[in-house]
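Novice: Right, I'll just put the structure down here and ask away after.
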Protein chains: 2
Amino acid sequence: MVDVTRSLPDLESLSLKEMVAQMIVVRASGYLFDHQIQYPAWEPPAATLKYLLQELGIGGVILMGGSAGELALRSQQLQDWAKVPLLIAADIEEGVGQRFAGATWFPPPMAIGAVASTNITQAQYYAEQMGAIIAQEALAIGINWVLAPVVDVNNNPDNPVINVRALGELPEIVSQLASAFIKGAQKYPVLTTAKHFPGHGDTATDSHLDLPVLPHTPPRLARVELPPFVEAIARGVDAIMSAHLLIPAWDEQRPATLSDLVLTELLRKCLKFEGLIVTDALVMGAIANRYGSNEAPVMAVEAGADILLMPVDPEGAIQAVCDAVAAGRLSQERIQASVERIWKAKRKVLGQRDAGEAENTAEAFNPSSTPQNSLHQLAQPIALNTAAEILQDSQIIGGSLPLITEPFDGIRKLRNLIVVDDVLTCDYLGRHTPAVALPRQMGYELQIFDRHTPLTGEDVGYPATERPTLLQLFIRGNPFRGSAGLMPVADYYFKKLLKTGELQALVVYGSPYVLQQFLPDLPRNTPYVFSYGQMPQAQAIALDVLFSKSAPVNAVSVFL
Amino acid sequence: MVDVTRSLPDLESLSLKEMVAQMIVVRASGYLFDHQIQYPAWEPPAATLKYLLQELGIGGVILMGGSAGELALRSQQLQDWAKVPLLIAADIEEGVGQRFAGATWFPPPMAIGAVASTNITQAQYYAEQMGAIIAQEALAIGINWVLAPVVDVNNNPDNPVINVRALGELPEIVSQLASAFIKGAQKYPVLTTAKHFPGHGDTATDSHLDLPVLPHTPPRLARVELPPFVEAIARGVDAIMSAHLLIPAWDEQRPATLSDLVLTELLRKCLKFEGLIVTDALVMGAIANRYGSNEAPVMAVEAGADILLMPVDPEGAIQAVCDAVAAGRLSQERIQASVERIWKAKRKVLGQRDAGEAENTAEAFNPSSTPQNSLHQLAQPIALNTAAEILQDSQIIGGSLPLITEPFDGIRKLRNLIVVDDVLTCDYLGRHTPAVALPRQMGYELQIFDRHTPLTGEDVGYPATERPTLLQLFIRGNPFRGSAGLMPVADYYFKKLLKTGELQALVVYGSPYVLQQFLPDLPRNTPYVFSYGQMPQAQAIALDVLFSKSAPVNAVSVFL
């Protein structure tokens, strides 16, 4: 847990410029040194970052990259630089370990949604546990703002953009699980965030690239998209993140992020949300490419946003908002109202109560502990076990299990063929991870196919000799879109192995929509396992079922 | 810098078993959590490790894996567990950043040897700087024992086992550079280690696999292998690591690690080395497979070793050595003499002077600083610049530079073909590293070939269409041996690209012996760059020369 003992300054002591700076959250690398920065276009070097936090008094940062241990040091460093105690945010929808190695990494939320389809009580328990563990681990390394839960309803299975990031495909399920997640997180003094308002689950365009349109009528939106947000608000969610979506039913002109009708009229007034309204990243294509880099922040504040996430030019954004106040386009009161909400949020994470607040559900926490001490709160057995249980309960298996492999005879070598999007960036595959190491111990030779593997026309390097093959697919992106560019390769191998009779077994990690592509053509007895997770723990659990003698065996024996 | 304020207990207060435990150094993962352990056969989980350090009172650990930031926390954790302040060692021959991401990563020592061939003064300056920076950064994250410099003379270029880990191919150069390295490191209270005694530079077998034989006569050994050790001893090196080598000229029976004739008669008595004699890892094939796992440690102590590095079974090794004392095979005084040397070494790293020691060249250091503070001492500009200068000065270039590439016309796509040993384990390639990112910005499409890429007979996935290709090879292992299994693939591509005229340029990272394989067949005007480094900084410097307009251009213009 990071040491932030300073108090907040009196709001009245801040200049307009200082107040506006508090409304900005900038992106920073979670790594400690400039030479480790992976996205130089977005992640400023230390000197710039220090200037932003110390001189300009930027209000918060969002971190990506680095291990959990490093991040404990990094967040302390950033707090030390900051003029005012920072909000430190991270996109840890699947646990702190999803972004920061060493902490607990949960499967994607839809795994809990899958459990809910048969046992809603169990699923709620998992969601609450997941919320609590994420909050605890986040806090342990200095993250005080959890950018989760995703409460979008993934109600377009034919075109899942939000995909496994969603808690389900039905509004009631998403509402109940999001509520449980928030309840769990509230055991610790961190901020939670429902996103992406008013609902990103049924769009055809990825807003990282362009502006999607949600063509539905108000009644349908009220029936499907809004309920989880209503529930999250009732449950006391601290922040709501806007979507970069155009919803003509409510505002024909402006995307939700920049829409007064959506953020103020709908969210603030109709739904009575009193917490922080935060934009999604303003550098994203849907906003950055359409509105000026300094005009978009002004429009977002006009619309009702309290926090401007990742504006293209933070200093320019501050100036533009100040200019808009000077020009009478924005009122000083509007700014002050946002900063008051920010102060309330900061008081919560600092453990300082508002005068008006009688109750605080957050447990007391000890701000004087050090990064060393915080490590005792990461990846505890209960956390790892919870992740394992969710993986286990949401796993899908079929065919004749377990797979019985003949011991390697020195001639007919077994093959472990992994198809993965990008080996260069995937952190869940290494020589020690189960999907690689376990088959190796059993005599399988490893082959990996990723987007950088040289292709030769139709013949994608397929060896002439027949070899019993375990096919493992790590494809999680939307299988109907560009983000899953390796689906044709996976499909090619799948069909070819089927034809030659070499396909021993199929393991799919990540997306049930990918599994659904292959199931219809899979012979009834061919063993298969699907796991929502891609991390080493998911691999271990999946392969344990595939190979273990303790797994259910049906009458048909598996022949290599 | 890690906080170790405890004093050493009086030697007299230790039982025999406690003394023997102090002679053991065990391997541990540098990662903070059990679920991150990458080599479960060698790296015990936390509970076992705690038992070894706290209950048995093991004397030291050798760490691998994790980032520099994590390691600062990890070494503090281990020191907190330990009954007696620990020696914490690491194989950081190429800088702390070689093993622990974030710290400075130098090119392999032979880069400095290459500089020495034209400018010995400059090379000595680099070696001294490198020694000082490694010592400072090691100490900053709690490593107090640097397992460097390698002082083996790599005098068999036809069969380089030590390869680029050596400081050169001539004894005088290695002596001078090793001496400078040690001098630099002595500015900080860390231990240095000359290895691998009596010289591993001219062997045909990798001792990780089996026991190599050094067939030379004593005069030749005295002329080539020994001088760097003599120099290191004169310079005050703290430790010398034995080699798992059989040297019939001195001992026909036992490898150096287990040889009384080599360790005691030669090293201790003839060469008058009074520091720590440490074995190379006892789990290595040359020892573990030939001598019993508990017999080897006893033999090593008999031979004169003070520290037993990575015995197969630490607790068994302690018991075996105690039993040997009880049986009269080893004397209590022999044990005590070793522990006295260990105490002297520990006093040095703890900043506690011996009664008999008047002088101590080490600068004072502040043991009360925290992991946060230590970060200011990592990857400083002077360190990164020194690494850059060594890379620059040792780089080899040729052909018509710079390479002028035509802007991408939308049809004839350029290709960036990378051949690398194992993408799963290489930490120097990622989507942001220059060898990948820079060509991508220039319109090159990336293809990667590694040991897991599916092969189809002779046709290794070579595309039918002709495409101007930048060929980048990351092959560092001995090119004449199994450790460089991709040389045939690299050779295949090289020849095929030559034949079709597609080879734009060749960049070789890592080993000059690999470069030498290709140079004879490379057309005179084809640009090429060789860098001793493989890390991102080396890639940036190499590609800057390849593409930059500031690079020397000869009369022949380069055509795609």
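Residues are named by chain letter and number: chains run A, B, ... in the order of the structure tokens, numbers start at 1 in each chain, and ligands are numbered from 1 in the order shown.
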Tell me the residues of chain A close to chain B, meaning within 9 Å using only C-alpha atoms, as number ranges by chain.
Specialist: A: 31-40, 66-71, 73-74, 76-77, 101-103, 371-372, 375, 378-379, 417, 423-425, 429-433, 445-449, 451-457, 459-464, 537
Novice: Give me the residues within 7 Å of range 303-317 of chain A as a list in words, counting only C-alpha atoms and dropping any in the same chain fewer than 6 places off.
Specialist: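 Here the qualifying residues turn out to be Met23, Ile24, Val25, Val26, Arg27, Leu258, Ser259, Asp260, Leu263, Thr264, Leu276, Ile277, Val278, Thr279, Asp280, Ala281, Leu282, Val283, Ser293, Asn294, Pro297 and Ser338 of chain A.
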Novice: Store the residues picked out above, limited to C-alpha atoms, as a CSV table (one decimal), in the first residue's frame.
Specialist:
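Here's the written file out-v4.csv:
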```csv
chain,number,residue,atom,x,y,z
A,23,MET,CA,-10.1,17.3,-13.9
A,24,ILE,CA,-7.4,15.8,-16.2
A,25,VAL,CA,-6.2,12.2,-16.0
A,26,VAL,CA,-3.0,11.5,-18.1
A,27,ARG,CA,-1.7,8.2,-19.3
A,258,LEU,CA,-19.7,15.1,-25.7
A,259,SER,CA,-23.4,15.1,-25.2
A,260,ASP,CA,-25.1,17.3,-22.7
A,263,LEU,CA,-24.3,13.0,-19.7
A,264,THR,CA,-26.2,15.8,-17.9
A,276,LEU,CA,-17.8,11.3,-11.1
A,277,ILE,CA,-18.6,11.3,-14.8
A,278,VAL,CA,-15.4,10.4,-16.6
A,279,THR,CA,-14.9,10.3,-20.4
A,280,ASP,CA,-13.4,7.4,-22.1
A,281,ALA,CA,-9.9,8.1,-23.5
A,282,LEU,CA,-10.1,11.3,-25.5
A,283,VAL,CA,-7.2,10.2,-27.7
A,293,SER,CA,-7.8,17.9,-29.7
A,294,ASN,CA,-8.4,20.9,-27.5
A,297,PRO,CA,-12.2,18.5,-23.8
A,338,SER,CA,-16.7,18.9,-10.9
```
Novice: Name the residues in contact with range 332-334 of chain A at a cut-off of 9 Å, using only C-alpha atoms, excluding same-chain residues fewer than 6 positions from it; report them as an MDAnalysis selection string.
Specialist: chainID A and resid 16 301:302 304 325:326
Novice: Write out as a PyMOL selection string the residues lying within 7 Å of Gln22 in chain B, counting only C-alpha atoms and excluding same-chain residues fewer than 3 positions away.
Specialist: chain B and resi 18-19+57-59+339
Novice: Keeping N, CA, C and O atoms for every residue in the selection just given, could you write it to a file as a tab-separated table (two decimals), in the first residue's frame?
Specialist:
```tsv
chain	number	residue	atom	x	y	z
B	18	GLU	N	25.33	-24.79	11.57
B	18	GLU	CA	25.07	-23.40	11.17
B	18	GLU	C	26.22	-22.84	10.33
B	18	GLU	O	26.01	-22.07	9.40
B	19	MET	N	27.44	-23.26	10.70
B	19	MET	CA	28.59	-22.80	9.90
B	19	MET	C	28.52	-23.36	8.48
B	19	MET	O	28.72	-22.65	7.50
B	57	GLY	N	19.50	-21.39	8.11
B	57	GLY	CA	20.52	-20.35	8.11
B	57	GLY	C	21.47	-20.44	6.93
B	57	GLY	O	22.68	-20.23	7.05
B	58	ILE	N	20.91	-20.73	5.77
B	58	ILE	CA	21.69	-20.74	4.52
B	58	ILE	C	22.36	-19.38	4.34
B	58	ILE	O	21.79	-18.34	4.67
B	59	GLY	N	23.56	-19.39	3.77
B	59	GLY	CA	24.37	-18.18	3.74
B	59	GLY	C	24.09	-17.21	2.61
B	59	GLY	O	24.38	-16.01	2.74
B	339	VAL	N	34.26	-20.23	6.80
B	339	VAL	CA	33.26	-19.30	7.34
B	339	VAL	C	33.93	-17.99	7.74
B	339	VAL	O	33.33	-16.91	7.63
```
Novice: Just the residues within 12 Å of Ile120 in chain B, please, counting only C-alpha atoms, with nothing from its chain fewer than 6 positions along; format it as number ranges by chain.
Specialist: B: 112-114, 126-127, 168, 172-177, 180
Novice: Glu502 in chain A: which residues within 10 Å, counting only C-alpha atoms, same-chain residues fewer than 5 positions away excluded, as JSON, numbers by chain?
Specialist: {"A": [414, 415, 466, 467, 468, 469, 470, 471, 494, 496, 497, 560]}
Novice: May I ask for the distance between CA of Ser242 in chain B and CA of Ala41 in chain B, given in Å to one decimal place?
Specialist: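 Computing it gives 23.4 Å between the two atoms.
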Novice: Quick one: of A:Ile475, A:Ile396, A:Ser531, A:Tyr513, who's nearest to Asp158 in chain A, counting only C-alpha atoms?
Specialist: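 Selected residue with least distance to Asp158 in chain A: A:Tyr513.
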Novice: Would you return as a ChimeraX atom specification the members of range 488-521 of chain A that DSSP assigns to helix (DSSP H, G or I) on this structure's backbone?
Specialist: /A:488-500,512-521
Novice: Set the distance at 12 Å and use only C-alpha atoms: which residues neighbour Val150 in chain B once local chain neighbours fewer than 4 positions away are removed? I'd like the list as a PDB file with C-alpha atoms, in the first residue's frame.
Specialist:
```pdb
ATOM      1  CA  ASP B  91      25.059 -13.530 -12.955  1.00  0.00           C
ATOM      2  CA  ILE B  92      25.126  -9.967 -14.191  1.00  0.00           C
ATOM      3  CA  GLU B  93      28.102 -10.158 -16.524  1.00  0.00           C
ATOM      4  CA  GLU B  94      26.401  -7.747 -18.919  1.00  0.00           C
ATOM      5  CA  PRO B 108      28.579  -8.646 -23.845  1.00  0.00           C
ATOM      6  CA  PRO B 109      32.127  -8.162 -22.542  1.00  0.00           C
ATOM      7  CA  MET B 110      33.686  -9.096 -25.872  1.00  0.00           C
ATOM      8  CA  ALA B 127      35.564  -1.789 -18.448  1.00  0.00           C
ATOM      9  CA  GLY B 131      32.348  -2.451 -13.332  1.00  0.00           C
ATOM     10  CA  VAL B 146      28.496  -9.659  -8.615  1.00  0.00           C
ATOM     11  CA  ASN B 154      38.211 -17.096 -25.495  1.00  0.00           C
ATOM     12  CA  ILE B 162      32.532 -18.939 -23.613  1.00  0.00           C
ATOM     13  CA  ASN B 163      32.043 -16.904 -26.780  1.00  0.00           C
ATOM     14  CA  VAL B 164      31.102 -13.235 -26.327  1.00  0.00           C
ATOM     15  CA  ARG B 165      30.999 -13.623 -22.555  1.00  0.00           C
ATOM     16  CA  ALA B 166      34.809 -13.300 -22.616  1.00  0.00           C
ATOM     17  CA  LEU B 167      36.661  -9.990 -22.555  1.00  0.00           C
ATOM     18  CA  GLY B 168      38.857 -11.077 -25.422  1.00  0.00           C
ATOM     19  CA  VAL B 174      41.560 -10.017 -20.764  1.00  0.00           C
ATOM     20  CA  SER B 175      43.876  -9.305 -17.817  1.00  0.00           C
ATOM     21  CA  LEU B 177      40.142  -5.304 -18.898  1.00  0.00           C
ATOM     22  CA  ALA B 178      39.248  -7.607 -16.009  1.00  0.00           C
ATOM     23  CA  SER B 179      41.495  -5.560 -13.774  1.00  0.00           C
ATOM     24  CA  PHE B 181      36.344  -3.905 -14.285  1.00  0.00           C
ATOM     25  CA  ILE B 182      37.285  -4.960 -10.754  1.00  0.00           C
ATOM     26  CA  THR B 192      33.431  -9.321  -7.454  1.00  0.00           C
ATOM     27  CA  THR B 193      34.151 -12.757  -8.888  1.00  0.00           C
ATOM     28  CA  ALA B 194      36.720 -13.881 -11.429  1.00  0.00           C
ATOM     29  CA  LYS B 195      35.510 -16.957 -13.288  1.00  0.00           C
ATOM     30  CA  HIS B 196      35.801 -19.781 -14.283  1.00  0.00           C
ATOM     31  CA  PHE B 197      39.054 -20.953 -12.675  1.00  0.00           C
ATOM     32  CA  PRO B 198      41.415 -22.044 -14.083  1.00  0.00           C
ATOM     33  CA  GLY B 199      40.005 -20.952 -17.442  1.00  0.00           C
ATOM     34  CA  HIS B 200      37.068 -22.094 -19.550  1.00  0.00           C
ATOM     35  CA  GLY B 201      37.991 -20.408 -22.826  1.00  0.00           C
ATOM     36  CA  GLU B 225      44.661 -19.391 -18.929  1.00  0.00           C
ATOM     37  CA  PRO B 228      43.927 -13.036 -15.918  1.00  0.00           C
ATOM     38  CA  PHE B 229      43.334 -14.815 -12.600  1.00  0.00           C
ATOM     39  CA  ALA B 232      42.458 -10.354 -10.712  1.00  0.00           C
ATOM     40  CA  VAL B 237      39.074  -9.685  -6.488  1.00  0.00           C
ATOM     41  CA  ALA B 239      35.900 -14.372  -5.077  1.00  0.00           C
ATOM     42  CA  ILE B 240      36.993 -16.856  -7.695  1.00  0.00           C
ATOM     43  CA  MET B 241      34.573 -19.338  -9.224  1.00  0.00           C
ATOM     44  CA  SER B 242      35.800 -22.782 -10.164  1.00  0.00           C
ATOM     45  CA  ALA B 243      35.169 -24.391 -13.523  1.00  0.00           C
TER      46      ALA B 243
END
```
Novice: So the first atom is CA of Leu211 in chain A and the second is CA of Pro512 in chain A; what is the distance between them in Å, to one decimal place?
Specialist: 26.3 Å
